[in-house]
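The data block below is query08.csv; it holds CSV, C-alpha atoms.
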```csv
chain,number,residue,atom,x,y,z
A,1,GLN,CA,128.5,191.7,109.1
A,2,LYS,CA,130.6,191.6,106.0
A,3,GLU,CA,128.9,191.6,102.7
A,4,VAL,CA,130.6,188.5,101.5
A,5,GLU,CA,132.1,186.1,104.0
A,6,GLN,CA,134.5,183.2,103.5
A,7,ASN,CA,136.5,181.1,105.9
A,8,SER,CA,140.0,182.3,105.6
A,9,GLY,CA,141.5,178.8,106.0
A,10,PRO,CA,143.9,177.5,105.4
A,11,LEU,CA,142.0,174.5,104.1
A,12,SER,CA,144.3,171.5,103.6
A,13,VAL,CA,143.3,168.4,101.6
A,14,PRO,CA,145.3,165.5,100.3
A,15,GLU,CA,145.9,165.1,96.6
A,16,GLY,CA,142.9,163.4,94.9
A,17,ALA,CA,140.4,164.5,97.6
A,18,ILE,CA,137.4,166.8,97.2
A,19,ALA,CA,138.0,170.4,98.4
A,20,SER,CA,134.9,172.2,99.6
A,21,LEU,CA,134.9,176.0,99.7
A,22,ASN,CA,132.0,178.0,101.1
A,23,CYS,CA,130.8,181.6,100.9
A,24,THR,CA,127.8,183.5,102.3
A,25,TYR,CA,126.5,186.9,101.2
A,26,SER,CA,124.3,189.5,102.8
A,27,ASP,CA,122.5,191.3,99.9
A,28,ARG,CA,119.4,189.3,99.1
A,29,VAL,CA,119.0,190.9,95.6
A,30,SER,CA,122.4,189.7,94.4
A,31,GLN,CA,122.1,188.0,91.1
A,32,SER,CA,125.6,186.9,89.9
A,33,PHE,CA,128.1,184.8,91.7
A,34,PHE,CA,131.7,184.0,90.8
A,35,TRP,CA,134.6,182.1,92.0
A,36,TYR,CA,138.1,183.3,91.2
A,37,ARG,CA,141.4,181.6,91.9
A,38,GLN,CA,144.4,183.7,92.8
A,39,TYR,CA,147.9,182.4,93.0
A,40,SER,CA,150.4,184.2,95.2
A,41,GLY,CA,151.6,187.4,93.5
A,42,LYS,CA,149.2,187.0,90.6
A,43,SER,CA,145.9,188.6,89.8
A,44,PRO,CA,142.5,186.8,90.2
A,45,GLU,CA,141.5,184.4,87.5
A,46,LEU,CA,137.8,183.6,86.9
A,47,ILE,CA,137.1,179.9,87.2
A,48,MET,CA,133.3,179.6,87.7
A,49,SER,CA,130.2,181.8,87.4
A,50,ILE,CA,126.7,180.8,88.5
A,51,TYR,CA,123.4,182.7,88.3
A,52,SER,CA,120.6,180.4,89.2
A,53,ASN,CA,119.9,178.0,92.1
A,54,GLY,CA,121.4,174.6,91.9
A,55,ASP,CA,124.6,173.1,90.6
A,56,LYS,CA,126.9,174.1,87.7
A,57,GLU,CA,129.7,171.8,86.7
A,58,ASP,CA,132.8,172.6,84.7
A,59,GLY,CA,135.4,169.8,84.6
A,60,ARG,CA,136.6,169.2,88.1
A,61,PHE,CA,134.8,172.2,89.5
A,62,THR,CA,131.2,172.4,90.7
A,63,ALA,CA,129.6,175.6,91.9
A,64,GLN,CA,126.5,175.4,94.0
A,65,LEU,CA,124.1,178.3,94.7
A,66,ASN,CA,121.2,178.5,97.2
A,67,LYS,CA,119.7,182.0,97.1
A,68,ALA,CA,117.2,181.3,99.9
A,69,SER,CA,120.1,180.6,102.2
A,70,GLN,CA,122.4,183.2,100.6
A,71,TYR,CA,125.0,180.6,100.2
A,72,VAL,CA,127.4,179.7,97.4
A,73,SER,CA,130.0,177.0,97.4
A,74,LEU,CA,132.7,175.5,95.2
A,75,LEU,CA,133.7,171.9,95.0
A,76,ILE,CA,137.0,170.8,93.5
A,77,ARG,CA,137.2,167.1,92.7
A,78,ASP,CA,140.4,165.2,92.4
A,79,SER,CA,142.3,168.0,93.9
A,80,GLN,CA,145.8,168.6,92.6
A,81,PRO,CA,148.8,170.4,94.1
A,82,SER,CA,148.4,172.9,91.3
A,83,ASP,CA,145.0,173.8,92.8
A,84,SER,CA,146.8,175.3,95.8
A,85,ALA,CA,145.8,178.9,95.8
A,86,THR,CA,143.5,181.4,97.3
A,87,TYR,CA,139.9,181.1,96.2
A,88,LEU,CA,137.8,184.3,96.1
A,89,CYS,CA,134.0,184.4,96.1
A,90,ALA,CA,132.5,187.5,94.4
A,91,VAL,CA,129.0,188.7,94.2
A,92,THR,CA,127.3,191.3,91.9
A,93,ARG,CA,124.0,192.9,92.6
A,94,GLY,CA,123.0,192.9,88.9
A,95,THR,CA,119.8,194.9,89.1
A,96,GLY,CA,120.5,198.6,89.7
A,97,GLY,CA,124.2,198.4,89.3
A,98,PHE,CA,127.1,196.1,88.8
A,99,LYS,CA,129.2,196.8,91.8
A,100,THR,CA,131.0,193.6,92.7
A,101,ILE,CA,132.0,192.6,96.2
A,102,PHE,CA,134.7,190.1,96.9
A,103,GLY,CA,135.3,188.0,100.0
A,104,ALA,CA,138.6,187.9,101.7
A,105,GLY,CA,139.3,184.5,100.2
A,106,THR,CA,140.0,180.9,101.4
A,107,ARG,CA,143.6,179.6,101.2
A,108,LEU,CA,143.7,176.0,99.9
A,109,PHE,CA,146.6,173.7,100.2
A,110,VAL,CA,146.6,170.4,98.4
A,111,LYS,CA,149.2,168.0,99.8
A,112,ALA,CA,151.0,165.7,97.4
B,1,ASP,CA,143.5,190.2,72.0
B,2,THR,CA,146.0,190.1,74.7
B,3,GLY,CA,143.8,190.7,77.7
B,4,VAL,CA,143.7,193.5,80.2
B,5,SER,CA,146.9,195.5,80.5
B,6,GLN,CA,148.0,197.8,83.2
B,7,ASN,CA,150.8,200.3,83.4
B,8,PRO,CA,153.1,200.8,85.2
B,9,ARG,CA,153.4,197.4,86.9
B,10,HIS,CA,155.3,198.9,89.8
B,11,LYS,CA,155.4,202.4,91.2
B,12,ILE,CA,157.4,203.7,94.1
B,13,THR,CA,156.6,207.2,95.3
B,14,LYS,CA,157.2,209.4,98.2
B,15,ARG,CA,154.4,210.5,100.5
B,16,GLY,CA,152.5,213.5,99.2
B,17,GLN,CA,153.2,212.9,95.6
B,18,ASN,CA,150.5,212.3,92.9
B,19,VAL,CA,150.5,209.0,90.9
B,20,THR,CA,148.5,207.9,87.9
B,21,PHE,CA,147.8,204.4,86.7
B,22,ARG,CA,146.5,203.3,83.3
B,23,CYS,CA,144.3,200.4,82.4
B,24,ASP,CA,143.6,199.1,78.9
B,25,PRO,CA,140.6,196.7,78.9
B,26,ILE,CA,139.9,193.9,76.6
B,27,SER,CA,138.6,195.5,73.4
B,28,GLU,CA,134.8,195.8,73.2
B,29,HIS,CA,134.4,195.2,76.9
B,30,ASN,CA,132.0,198.0,78.0
B,31,ARG,CA,132.5,197.7,81.8
B,32,LEU,CA,135.7,198.5,83.5
B,33,TYR,CA,136.5,198.1,87.2
B,34,TRP,CA,139.1,199.4,89.6
B,35,TYR,CA,140.0,197.5,92.8
B,36,ARG,CA,142.6,197.8,95.5
B,37,GLN,CA,144.0,194.7,97.2
B,38,THR,CA,146.2,194.5,100.3
B,39,LEU,CA,147.9,191.4,101.6
B,40,GLY,CA,145.5,188.7,102.9
B,41,GLN,CA,142.4,190.5,101.7
B,42,GLY,CA,140.2,190.2,98.6
B,43,PRO,CA,140.0,192.9,96.0
B,44,GLU,CA,138.2,196.0,97.4
B,45,PHE,CA,135.8,197.7,95.0
B,46,LEU,CA,136.8,201.3,94.2
B,47,THR,CA,134.8,202.3,91.1
B,48,TYR,CA,133.4,201.1,87.8
B,49,PHE,CA,132.5,202.5,84.4
B,50,GLN,CA,130.0,201.4,81.9
B,51,ASN,CA,131.4,202.8,78.6
B,52,GLU,CA,132.6,206.4,79.6
B,53,ALA,CA,130.1,206.8,82.5
B,54,GLN,CA,131.4,206.3,86.0
B,55,LEU,CA,128.4,204.7,87.6
B,56,GLU,CA,129.5,204.0,91.1
B,57,LYS,CA,132.3,205.0,93.4
B,58,SER,CA,133.0,203.4,96.8
B,59,ARG,CA,132.2,205.4,99.8
B,60,LEU,CA,135.5,204.3,101.2
B,61,LEU,CA,137.3,206.3,98.5
B,62,SER,CA,138.5,209.6,99.6
B,63,ASP,CA,138.5,212.7,97.4
B,64,ARG,CA,142.1,212.1,96.7
B,65,PHE,CA,141.2,209.3,94.3
B,66,SER,CA,139.8,210.0,90.9
B,67,ALA,CA,139.2,207.9,87.9
B,68,GLU,CA,138.4,208.6,84.3
B,69,ARG,CA,137.5,206.6,81.2
B,70,PRO,CA,137.5,209.1,78.3
B,71,LYS,CA,135.7,207.7,75.1
B,72,GLY,CA,134.9,204.5,76.9
B,73,SER,CA,138.3,202.9,76.1
B,74,PHE,CA,141.3,203.0,78.5
B,75,SER,CA,140.9,204.3,82.0
B,76,THR,CA,143.2,206.1,84.4
B,77,LEU,CA,143.2,206.1,88.2
B,78,GLU,CA,144.9,209.1,89.9
B,79,ILE,CA,145.8,209.3,93.6
B,80,GLN,CA,146.7,212.7,94.8
B,81,ARG,CA,148.8,213.5,97.9
B,82,THR,CA,149.6,209.8,98.4
B,83,GLU,CA,149.8,208.4,101.9
B,84,GLN,CA,151.6,205.3,103.2
B,85,GLY,CA,148.2,203.6,103.7
B,86,ASP,CA,147.7,203.8,99.9
B,87,SER,CA,150.4,201.2,99.4
B,88,ALA,CA,148.6,198.3,97.8
B,89,MET,CA,148.0,196.4,94.5
B,90,TYR,CA,145.7,198.3,92.2
B,91,LEU,CA,143.8,196.0,90.0
B,92,CYS,CA,141.8,196.7,86.9
B,93,ALA,CA,139.2,194.3,85.4
B,94,SER,CA,136.9,194.5,82.4
B,95,SER,CA,133.7,192.8,81.6
B,96,PRO,CA,131.7,192.3,78.4
B,97,ARG,CA,128.2,193.6,77.8
B,98,GLY,CA,125.8,191.2,79.5
B,99,THR,CA,122.9,189.3,78.0
B,100,SER,CA,119.3,190.3,78.7
B,101,GLY,CA,118.7,191.3,82.3
B,102,GLY,CA,122.3,192.4,82.6
B,103,SER,CA,123.0,189.8,85.2
B,104,TYR,CA,126.2,188.5,83.5
B,105,ASN,CA,129.3,190.2,84.8
B,106,GLU,CA,132.3,188.0,84.4
B,107,GLN,CA,135.4,190.1,85.0
B,108,PHE,CA,138.9,189.6,83.6
B,109,PHE,CA,141.7,191.1,85.5
B,110,GLY,CA,144.9,192.8,84.5
B,111,PRO,CA,148.2,192.0,86.1
B,112,GLY,CA,147.9,195.0,88.5
B,113,THR,CA,150.0,197.9,89.5
B,114,ARG,CA,151.8,197.6,92.8
B,115,LEU,CA,152.1,200.9,94.6
B,116,THR,CA,154.6,201.5,97.3
B,117,VAL,CA,154.4,204.8,99.2
B,118,LEU,CA,157.6,205.6,101.2
```
Could you render the structure from this file as structure tokens?
Amino acid sequence: QKEVEQNSGPLSVPEGAIASLNCTYSDRVSQSFFWYRQYSGKSPELIMSIYSNGDKEDGRFTAQLNKASQYVSLLIRDSQPSDSATYLCAVTRGTGGFKTIFGAGTRLFVKA
Amino acid sequence: DTGVSQNPRHKITKRGQNVTFRCDPISEHNRLYWYRQTLGQGPEFLTYFQNEAQLEKSRLLSDRFSAERPKGSFSTLEIQRTEQGDSAMYLCASSPRGTSGGSYNEQFFGPGTRLTVL
């Protein structure tokens, strides 16, 4: 079992729709959770961080965390073609060290 | 502040040669990370520093890889006796000191160094 798992996609949604990206992790003591966006040929860019159970909203992005289910998700509302990228889920243990594990990423395509 | 910088941006070398990469983090960021990324994969953790101390190193990393962060500022990653399998993008990221509990670890990435081993 991979430490951080994501559906590789591609996930294709029409412009204006909601894109839903999911991630599961295996280490129960993980404390910090992140979503990064990576355009082709570029380095990852942080878009959301979440540390406690529930939802966190920032503009068109909502991150959801359920530690009991070891599940974190990212919703993108009103998807735009410029949102087309690979979305990486990352998890940091927090206690006892700050090693960060990334998932392989989900490719998102937003069709105009 | 201009963000995390990495040099060189591209490196082509022959198998068996040694290479060294440099990362300059965002000033006052106390954590610095090195990752390796290949096509279609997420960044793979290599090692991280808190100030000048190297706190963790991936078990996947062979003895050919070494990293330093003298004085807790810039960092270097050296690969000795390069192999074709070392061809990848090498990413550096830095993170500010967290708040209480140390659970905050937002990382900001540099542009990466693309290594090609012939």
Using all atoms listed in the file, what does the table of chain B residues within 7 Å of chain A look like, with each row giving the shortest atom pair and its distance in Å to one decimal, sorted by chain and ascending number, as a tab-separated table?
```
residue	atom	partner	partner_atom	distance
B:Gln41	CA	A:Ala104	CA	4.6
B:Gly42	CA	A:Ala104	CA	4.2
B:Pro43	CA	A:Phe102	CA	6.1
B:Glu44	CA	A:Phe102	CA	6.9
B:Phe45	CA	A:Ile101	CA	6.5
B:Gly102	CA	A:Gly94	CA	6.4
B:Ser103	CA	A:Gly94	CA	4.8
B:Tyr104	CA	A:Ser32	CA	6.6
B:Phe108	CA	A:Leu46	CA	6.9
B:Phe109	CA	A:Pro44	CA	6.4
B:Gly110	CA	A:Ser43	CA	6.8
B:Pro111	CA	A:Ser43	CA	5.5
B:Gly112	CA	A:Ser43	CA	6.8
```
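A straight line drawn from CA of Thr47 (chain B) to CA of Glu5 (chain A) is 20.9 Å long.
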note - CA of Leu108 (chain A) and CA of Gln6 (chain A) are separated by 12.2 Å
Within 6 Å of file point (131.4, 179.4, 96.9), counting all atoms listed in the file, expressed as a PyMOL selection string: chain A and resi 21-23+72-74+89
Give the answer as one residue: which of B:Glu106, B:Asp24, B:Glu78, B:Glu68 has the shortest atom-to-atom distance to Tyr48 (chain B), using only C-alpha atoms? B:Glu68
One decimal place gives the CA of Leu118 (chain B)-CA of Arg59 (chain B) separation as 25.4 Å
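Distances to Arg114 (chain B) were evaluated for B:Phe65, B:Tyr90, B:Trp34, B:Phe74 using all atoms listed in the file, and the minimum falls at B:Tyr90.
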Would you compute, for all listed atoms of region 35-42 of chain A, the axis-aligned bounding box grown by 3 Å on each side, and then report its centre and edge lengths in Å rounded to one decimal, as AutoDock Vina command-line options?
```
--center_x 143.1 --center_y 184.5 --center_z 92.9 --size_x 23.0 --size_y 11.8 --size_z 10.6
```
Please tell me which residues are no farther than 7 Å from (143.1, 174.4, 104.2) in the file, counting all atoms listed in the file, and write them as a PyMOL selection string. chain A and resi 9-13+107-109
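Shortest atom-to-atom contact with Leu32 (chain B) among B:Gly16, B:Gln50, B:Asp86, B:Ala67: B:Gln50, counting all atoms listed in the file.
Using all atoms listed in the file, the nearest neighbour of Arg15 (chain B) within the list B:Met89, B:Leu60, B:Leu46, B:Ile79 is B:Ile79.
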Model the absent atoms of region 79-101 of chain A so that N, CA, C and O atoms are present, and write the result as a PDB file, in the coordinates of the input.
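What landed in rebuild_17.pdb:
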```
ATOM      1  N   SER A  79     141.466 166.878  93.712  1.00  0.00           N
ATOM      2  CA  SER A  79     142.300 168.000  93.900  1.00  0.00           C
ATOM      3  C   SER A  79     143.788 167.715  93.603  1.00  0.00           C
ATOM      4  O   SER A  79     144.290 166.625  93.897  1.00  0.00           O
ATOM      5  N   GLN A  80     144.441 168.691  92.983  1.00  0.00           N
ATOM      6  CA  GLN A  80     145.800 168.600  92.600  1.00  0.00           C
ATOM      7  C   GLN A  80     146.677 169.617  93.299  1.00  0.00           C
ATOM      8  O   GLN A  80     146.169 170.687  93.645  1.00  0.00           O
ATOM      9  N   PRO A  81     147.963 169.350  93.496  1.00  0.00           N
ATOM     10  CA  PRO A  81     148.800 170.400  94.100  1.00  0.00           C
ATOM     11  C   PRO A  81     148.747 171.711  93.401  1.00  0.00           C
ATOM     12  O   PRO A  81     148.875 172.771  94.035  1.00  0.00           O
ATOM     13  N   SER A  82     148.524 171.682  92.084  1.00  0.00           N
ATOM     14  CA  SER A  82     148.400 172.900  91.300  1.00  0.00           C
ATOM     15  C   SER A  82     147.161 173.722  91.642  1.00  0.00           C
ATOM     16  O   SER A  82     147.035 174.889  91.245  1.00  0.00           O
ATOM     17  N   ASP A  83     146.223 173.096  92.386  1.00  0.00           N
ATOM     18  CA  ASP A  83     145.000 173.800  92.800  1.00  0.00           C
ATOM     19  C   ASP A  83     145.298 174.670  94.056  1.00  0.00           C
ATOM     20  O   ASP A  83     144.437 175.454  94.479  1.00  0.00           O
ATOM     21  N   SER A  84     146.464 174.510  94.649  1.00  0.00           N
ATOM     22  CA  SER A  84     146.800 175.300  95.800  1.00  0.00           C
ATOM     23  C   SER A  84     146.863 176.768  95.491  1.00  0.00           C
ATOM     24  O   SER A  84     147.673 177.196  94.654  1.00  0.00           O
ATOM     25  N   ALA A  85     145.984 177.533  96.107  1.00  0.00           N
ATOM     26  CA  ALA A  85     145.800 178.900  95.800  1.00  0.00           C
ATOM     27  C   ALA A  85     144.817 179.533  96.763  1.00  0.00           C
ATOM     28  O   ALA A  85     144.283 178.836  97.623  1.00  0.00           O
ATOM     29  N   THR A  86     144.552 180.809  96.613  1.00  0.00           N
ATOM     30  CA  THR A  86     143.500 181.400  97.300  1.00  0.00           C
ATOM     31  C   THR A  86     142.246 181.530  96.431  1.00  0.00           C
ATOM     32  O   THR A  86     142.364 181.945  95.275  1.00  0.00           O
ATOM     33  N   TYR A  87     141.100 181.117  96.946  1.00  0.00           N
ATOM     34  CA  TYR A  87     139.900 181.100  96.200  1.00  0.00           C
ATOM     35  C   TYR A  87     138.970 182.248  96.688  1.00  0.00           C
ATOM     36  O   TYR A  87     138.623 182.288  97.866  1.00  0.00           O
ATOM     37  N   LEU A  88     138.602 183.123  95.773  1.00  0.00           N
ATOM     38  CA  LEU A  88     137.800 184.300  96.100  1.00  0.00           C
ATOM     39  C   LEU A  88     136.393 184.145  95.620  1.00  0.00           C
ATOM     40  O   LEU A  88     136.159 183.796  94.456  1.00  0.00           O
ATOM     41  N   CYS A  89     135.459 184.413  96.492  1.00  0.00           N
ATOM     42  CA  CYS A  89     134.000 184.400  96.100  1.00  0.00           C
ATOM     43  C   CYS A  89     133.677 185.886  95.833  1.00  0.00           C
ATOM     44  O   CYS A  89     134.094 186.809  96.560  1.00  0.00           O
ATOM     45  N   ALA A  90     132.920 186.117  94.767  1.00  0.00           N
ATOM     46  CA  ALA A  90     132.500 187.500  94.400  1.00  0.00           C
ATOM     47  C   ALA A  90     131.041 187.500  94.053  1.00  0.00           C
ATOM     48  O   ALA A  90     130.512 186.545  93.480  1.00  0.00           O
ATOM     49  N   VAL A  91     130.403 188.603  94.413  1.00  0.00           N
ATOM     50  CA  VAL A  91     129.000 188.700  94.200  1.00  0.00           C
ATOM     51  C   VAL A  91     128.644 190.077  93.594  1.00  0.00           C
ATOM     52  O   VAL A  91     129.171 191.110  94.009  1.00  0.00           O
ATOM     53  N   THR A  92     127.796 190.033  92.578  1.00  0.00           N
ATOM     54  CA  THR A  92     127.300 191.300  91.900  1.00  0.00           C
ATOM     55  C   THR A  92     125.850 191.401  92.055  1.00  0.00           C
ATOM     56  O   THR A  92     125.107 190.436  91.893  1.00  0.00           O
ATOM     57  N   ARG A  93     125.430 192.623  92.359  1.00  0.00           N
ATOM     58  CA  ARG A  93     124.000 192.900  92.600  1.00  0.00           C
ATOM     59  C   ARG A  93     123.216 192.580  91.300  1.00  0.00           C
ATOM     60  O   ARG A  93     122.220 191.879  91.316  1.00  0.00           O
ATOM     61  N   GLY A  94     123.657 193.133  90.178  1.00  0.00           N
ATOM     62  CA  GLY A  94     123.000 192.900  88.900  1.00  0.00           C
ATOM     63  C   GLY A  94     121.942 193.940  88.597  1.00  0.00           C
ATOM     64  O   GLY A  94     122.095 194.734  87.674  1.00  0.00           O
ATOM     65  N   THR A  95     120.877 193.957  89.354  1.00  0.00           N
ATOM     66  CA  THR A  95     119.800 194.900  89.100  1.00  0.00           C
ATOM     67  C   THR A  95     120.173 196.230  89.815  1.00  0.00           C
ATOM     68  O   THR A  95     120.464 196.245  90.990  1.00  0.00           O
ATOM     69  N   GLY A  96     120.159 197.337  89.049  1.00  0.00           N
ATOM     70  CA  GLY A  96     120.500 198.600  89.700  1.00  0.00           C
ATOM     71  C   GLY A  96     121.945 198.898  89.799  1.00  0.00           C
ATOM     72  O   GLY A  96     122.333 199.850  90.462  1.00  0.00           O
ATOM     73  N   GLY A  97     122.758 198.084  89.188  1.00  0.00           N
ATOM     74  CA  GLY A  97     124.200 198.400  89.300  1.00  0.00           C
ATOM     75  C   GLY A  97     125.004 197.112  89.239  1.00  0.00           C
ATOM     76  O   GLY A  97     124.508 196.023  89.496  1.00  0.00           O
ATOM     77  N   PHE A  98     126.275 197.270  88.945  1.00  0.00           N
ATOM     78  CA  PHE A  98     127.100 196.100  88.800  1.00  0.00           C
ATOM     79  C   PHE A  98     128.345 196.156  89.704  1.00  0.00           C
ATOM     80  O   PHE A  98     129.382 195.568  89.412  1.00  0.00           O
ATOM     81  N   LYS A  99     128.164 196.831  90.836  1.00  0.00           N
ATOM     82  CA  LYS A  99     129.200 196.800  91.800  1.00  0.00           C
ATOM     83  C   LYS A  99     129.446 195.368  92.270  1.00  0.00           C
ATOM     84  O   LYS A  99     128.488 194.625  92.495  1.00  0.00           O
ATOM     85  N   THR A 100     130.693 194.969  92.368  1.00  0.00           N
ATOM     86  CA  THR A 100     131.000 193.600  92.700  1.00  0.00           C
ATOM     87  C   THR A 100     131.819 193.593  94.020  1.00  0.00           C
ATOM     88  O   THR A 100     132.769 194.359  94.178  1.00  0.00           O
ATOM     89  N   ILE A 101     131.384 192.748  94.939  1.00  0.00           N
ATOM     90  CA  ILE A 101     132.000 192.600  96.200  1.00  0.00           C
ATOM     91  C   ILE A 101     132.712 191.271  96.330  1.00  0.00           C
ATOM     92  O   ILE A 101     132.100 190.238  96.029  1.00  0.00           O
TER      93      ILE A 101
END
```
